[in-house]
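So the structure is just underneath, and the comments pick up after that.
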Amino acid sequence: MGSQTRAALATFQHFENLPVTRMLDTNTIMALKLDGPLLTDYVVTSNDLARLQPLGKTWIAKSEQSALDYETVLELVAEKAHSYQSLVEKLNPEIDWNKVPVGTIVKIPHIAYPKPSDKAAYVVIHLSDRYLEAFGTDSNLLAHFPCSIAAKFEKRPVGELHVSVIAPNPNYTFDPEIFAESPEARAIGHKLVLKPGPNNPVGVAWIGLDKPGYGMHGTPSPEQIGRTESHGCFRLTNWDAEYLVKLVWVGMPVEVVP
């Protein structure tokens with residue numbers, strides 16, 4: 001039971017007109033009715049294994065890769081299940097993750113986001129609680145996602161921004177000036193272009209904002225989401241960023257509140 005779980009429970013309780021306890025109490029459990037199975041099976045394919053490749057340890061090594069794809073089957077399956085790798089391991093104690101052949105059946109959470117019926121009207125990012133919400137034209141909640149924010153207060157923009165560009169599965173341009181604290185970046189001294197992939201620094205989606213250098217995007221490290229660890233952008237898990245791309249549009253307001 002972490003801070004993001006409590007935030008999600010509070011949001012659910014609010015929109016279900018329940019007492020907002022931020023805990024999994026009796027009323028909340030009764031309201032959380034499942035309309036399908038809790039778990040499902042995922043079958044590892046030859047295509048899954050073919051896309052695996054080690055991730056370079058340096059910026060230059062990453063820039064030389066054909067793609068910044070998954071490193072392991074466990075990482076791939078966990079992202080498809082919108083889950084931490086540790087959860088997938090606990091659900092499948094019999095699997096040796098160092099030897100996963102084609103046809104291996106993996107038990108994972110049964111996850112299915114609703115298909116968007118329309119675009120969102122606006123997005124609100126809450127800095128203090130580190131979450132992002134998308135709303136419809138009637139101010140109805142369409143999505144609630146935990147997000148990471150800048151570690152430094154001066155890099156946290158407050159006020160109204162707007163979506164300026166939407167790029168699914170983007171390249172990433174490494175600019176050493178942004179990583180001035182890194183000896184490696186200072187030694188490189190020039191920009192590098194990194195190929196797309198889930199282990200790309202901005203993950204599988206980039207939604208640029210009209211404040212230069214700022215955007216909403218995915219991440220190669222979903223377990224870090226909800227913390228103050230970015231250089232100023234708003235990071236989401238890859239699966240949430242991928243869904244948000246379906247809701248946003250160029251010019252859409254994005255309100256950042258303290």
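Identifiers for the structure tokens are assigned positionally: chains receive A, B, ... in sequence, residues are indexed from 1 per chain, and ligands are indexed from 1 in the order shown.
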Once you count only C-alpha atoms, what closest atom pair and distance in Å to one decimal does each residue of segment 109-147 of chain A within 12 Å of segment 204-225 of chain A have, with rows by chain and rising residue number, as CSV?
residue,atom,partner,partner_atom,distance
A:Val123,CA,A:Met216,CA,10.8
A:Val124,CA,A:Met216,CA,11.7
A:Ile125,CA,A:Met216,CA,10.1
A:Arg130,CA,A:Ile225,CA,8.9
A:Tyr131,CA,A:Ile225,CA,9.5
A:Leu132,CA,A:Met216,CA,9.7
A:Phe145,CA,A:Ile225,CA,9.6
A:Pro146,CA,A:Ile225,CA,6.6
A:Cys147,CA,A:Ile225,CA,5.5
Counting only C-alpha atoms, give me one row per residue of segment 79-172 of chain A with an atom at most 12 Å from an atom of segment 21-34 of chain A, showing the shortest contact pair and its distance in Å to one decimal, sorted by chain then residue number, as JSON lines.
{"residue": "A:His110", "atom": "CA", "partner": "A:Leu34", "partner_atom": "CA", "distance": 10.6}
{"residue": "A:Ile111", "atom": "CA", "partner": "A:Leu34", "partner_atom": "CA", "distance": 11.4}
{"residue": "A:Ala112", "atom": "CA", "partner": "A:Leu34", "partner_atom": "CA", "distance": 11.9}
Limited to N, CA and C atoms, could you put the picked residues into a file as a compact mmCIF listing (two decimals), in the first residue's frame?
# COMPACT_ATOMS: atom_id res chain seq x y z
N HIS A 110 -5.25 -9.48 -15.49
CA HIS A 110 -6.10 -9.27 -16.67
C HIS A 110 -6.40 -7.79 -16.80
N ILE A 111 -5.60 -7.10 -17.61
CA ILE A 111 -5.67 -5.65 -17.74
C ILE A 111 -6.30 -5.27 -19.08
N ALA A 112 -7.27 -4.36 -19.03
CA ALA A 112 -7.87 -3.86 -20.27
C ALA A 112 -8.39 -2.44 -20.03
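Of the residues under consideration (A:Ala185, A:Pro176, A:Glu75, A:Asn199), A:Glu75 shows the shortest atom-to-atom contact distance to Asn98 of chain A when counting only C-alpha atoms.
Separating atom CA of Lys195 of chain A from atom CA of Leu161 of chain A is a distance of 27.7 Å.
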Judged by only C-alpha atoms, the minimum distance to His190 of chain A among A:Thr5, A:Trp59, A:Glu16, A:Val102 is found for A:Trp59
Expressed in Å, the length from atom CA of Asn140 of chain A to atom CA of Val163 of chain A is 19.9 Å
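Taking atom CA of Val254 of chain A as the reference point, atom CA of Thr137 of chain A is found at 13.9 Å.
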Of A:His162, A:Lys152, A:His144, A:His126, the one nearest to Tyr113 of chain A when counting only C-alpha atoms is A:His144
- Residue neighbourhood Phe135 of chain A, 9 Å, only C-alpha atoms, exclusion window fewer than 4 positions, as a list of chain:residue names: A:Ala120, A:Ala121, A:Tyr122, A:Val123, A:Val124, A:Ser139, A:Asn140, A:Leu141, A:Leu142, A:Ala143
| request: Check segment 10-232 of chain A with DSSP on the backbone and list each residue it calls alpha helix (DSSP H), as a ChimeraX atom specification. | output: /A:10-15,26-31,46-50,59-63,73-80,85-91,183-188
Write out, as a tab-separated table (two decimals), in the first residue's frame, the residues just selected, with N, CA and C atoms.
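part_6.tsv was written with the following content:
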chain	number	residue	atom	x	y	z
A	10	ALA	N	-8.36	7.09	-3.36
A	10	ALA	CA	-9.05	8.34	-3.05
A	10	ALA	C	-9.86	8.83	-4.25
A	11	THR	N	-9.27	8.73	-5.44
A	11	THR	CA	-9.97	9.16	-6.66
A	11	THR	C	-11.19	8.28	-6.92
A	12	PHE	N	-11.01	6.98	-6.79
A	12	PHE	CA	-12.12	6.04	-6.98
A	12	PHE	C	-13.23	6.32	-5.98
A	13	GLN	N	-12.87	6.51	-4.72
A	13	GLN	CA	-13.86	6.77	-3.68
A	13	GLN	C	-14.62	8.06	-3.95
A	14	HIS	N	-13.92	9.09	-4.39
A	14	HIS	CA	-14.56	10.38	-4.67
A	14	HIS	C	-15.61	10.24	-5.77
A	15	PHE	N	-15.25	9.56	-6.87
A	15	PHE	CA	-16.17	9.46	-8.00
A	15	PHE	C	-17.24	8.39	-7.80
A	26	THR	N	-14.18	-1.53	3.69
A	26	THR	CA	-15.28	-2.42	3.29
A	26	THR	C	-16.12	-1.81	2.17
A	27	ASN	N	-16.46	-0.52	2.26
A	27	ASN	CA	-17.27	0.12	1.23
A	27	ASN	C	-16.58	0.09	-0.13
A	28	THR	N	-15.27	0.32	-0.12
A	28	THR	CA	-14.51	0.34	-1.37
A	28	THR	C	-14.42	-1.05	-1.99
A	29	ILE	N	-14.18	-2.04	-1.15
A	29	ILE	CA	-14.12	-3.43	-1.65
A	29	ILE	C	-15.43	-3.82	-2.30
A	30	MET	N	-16.55	-3.43	-1.69
A	30	MET	CA	-17.87	-3.77	-2.25
A	30	MET	C	-18.11	-3.07	-3.58
A	31	ALA	N	-17.55	-1.86	-3.73
A	31	ALA	CA	-17.75	-1.10	-4.97
A	31	ALA	C	-16.83	-1.56	-6.10
A	46	SER	N	7.70	-16.36	-30.50
A	46	SER	CA	9.03	-16.22	-31.11
A	46	SER	C	9.33	-14.75	-31.40
A	47	ASN	N	8.30	-13.96	-31.72
A	47	ASN	CA	8.50	-12.53	-31.94
A	47	ASN	C	8.96	-11.83	-30.66
A	48	ASP	N	8.44	-12.27	-29.52
A	48	ASP	CA	8.87	-11.71	-28.24
A	48	ASP	C	10.37	-11.92	-28.05
A	49	LEU	N	10.82	-13.14	-28.27
A	49	LEU	CA	12.23	-13.47	-28.06
A	49	LEU	C	13.13	-12.76	-29.07
A	50	ALA	N	12.62	-12.57	-30.29
A	50	ALA	CA	13.43	-11.97	-31.35
A	50	ALA	C	13.73	-10.50	-31.09
A	59	TRP	N	25.59	6.50	-23.06
A	59	TRP	CA	24.77	7.20	-24.06
A	59	TRP	C	25.23	6.86	-25.47
A	60	ILE	N	26.53	6.79	-25.68
A	60	ILE	CA	27.04	6.47	-27.01
A	60	ILE	C	26.63	5.05	-27.41
A	61	ALA	N	26.75	4.10	-26.49
A	61	ALA	CA	26.35	2.71	-26.79
A	61	ALA	C	24.88	2.64	-27.14
A	62	LYS	N	24.05	3.36	-26.41
A	62	LYS	CA	22.61	3.37	-26.69
A	62	LYS	C	22.33	3.98	-28.07
A	63	SER	N	23.07	5.01	-28.43
A	63	SER	CA	22.84	5.67	-29.72
A	63	SER	C	23.21	4.77	-30.89
A	73	VAL	N	12.57	-11.31	-21.19
A	73	VAL	CA	11.17	-11.72	-21.31
A	73	VAL	C	10.36	-11.20	-20.13
A	74	LEU	N	10.95	-11.23	-18.94
A	74	LEU	CA	10.24	-10.75	-17.76
A	74	LEU	C	9.87	-9.29	-17.90
A	75	GLU	N	10.78	-8.48	-18.38
A	75	GLU	CA	10.49	-7.06	-18.58
A	75	GLU	C	9.37	-6.88	-19.60
A	76	LEU	N	9.44	-7.61	-20.70
A	76	LEU	CA	8.43	-7.51	-21.76
A	76	LEU	C	7.05	-7.89	-21.23
A	77	VAL	N	6.96	-9.04	-20.56
A	77	VAL	CA	5.67	-9.51	-20.07
A	77	VAL	C	5.11	-8.57	-19.00
A	78	ALA	N	5.98	-8.08	-18.11
A	78	ALA	CA	5.53	-7.18	-17.06
A	78	ALA	C	4.93	-5.90	-17.64
A	79	GLU	N	5.56	-5.35	-18.67
A	79	GLU	CA	5.01	-4.13	-19.28
A	79	GLU	C	3.67	-4.41	-19.97
A	80	LYS	N	3.55	-5.55	-20.62
A	80	LYS	CA	2.28	-5.90	-21.25
A	80	LYS	C	1.18	-6.08	-20.20
A	85	GLN	N	7.85	-6.11	-12.34
A	85	GLN	CA	8.40	-7.43	-12.64
A	85	GLN	C	8.29	-8.35	-11.43
A	86	SER	N	8.42	-7.80	-10.23
A	86	SER	CA	8.34	-8.62	-9.02
A	86	SER	C	6.97	-9.28	-8.87
A	87	LEU	N	5.91	-8.58	-9.31
A	87	LEU	CA	4.57	-9.16	-9.23
A	87	LEU	C	4.44	-10.35	-10.18
A	88	VAL	N	4.95	-10.20	-11.41
A	88	VAL	CA	4.89	-11.30	-12.38
A	88	VAL	C	5.68	-12.50	-11.87
A	89	GLU	N	6.81	-12.23	-11.23
A	89	GLU	CA	7.60	-13.32	-10.67
A	89	GLU	C	6.83	-14.05	-9.58
A	90	LYS	N	6.13	-13.31	-8.73
A	90	LYS	CA	5.38	-13.94	-7.64
A	90	LYS	C	4.20	-14.76	-8.16
A	91	LEU	N	3.63	-14.32	-9.27
A	91	LEU	CA	2.51	-15.06	-9.86
A	91	LEU	C	2.97	-16.32	-10.59
A	183	PRO	N	29.41	13.68	-15.83
A	183	PRO	CA	30.73	13.73	-16.46
A	183	PRO	C	30.73	13.10	-17.85
A	184	GLU	N	29.95	12.03	-18.01
A	184	GLU	CA	29.87	11.37	-19.32
A	184	GLU	C	29.30	12.32	-20.36
A	185	ALA	N	28.22	13.04	-20.00
A	185	ALA	CA	27.60	13.97	-20.94
A	185	ALA	C	28.57	15.08	-21.32
A	186	ARG	N	29.29	15.60	-20.34
A	186	ARG	CA	30.25	16.68	-20.63
A	186	ARG	C	31.37	16.19	-21.54
A	187	ALA	N	31.75	14.92	-21.38
A	187	ALA	CA	32.82	14.36	-22.22
A	187	ALA	C	32.37	14.17	-23.66
A	188	ILE	N	31.07	13.82	-23.84
A	188	ILE	CA	30.55	13.61	-25.21
A	188	ILE	C	30.54	14.93	-25.96
### Query
Could you pull the residues within 10 Å of Gly203 of chain A, counting only C-alpha atoms, minus those fewer than 5 positions along the same chain, as a list in words?
Leu68, Asp69, Pro168, Asn169, Pro170, Asn171, Tyr172, Pro196, Gly197, Pro198, His217, Gly218, Thr219, Pro220, Ser221, Pro222, Arg235, Leu236, Thr237, Asn238, Trp239, Ala241 and Glu242 of chain A
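Here the DSSP assignment of strand (DSSP E), based on backbone atoms, applies within segment 25-139 of chain A to Leu39, Thr40, Asp41, Tyr42, Val43, Ile105, Val106, Lys107, Ile108, Pro109, Tyr122, Val123, Val124, Ile125, His126, Tyr131, Leu132, Glu133, Ala134 and Phe135 of chain A.
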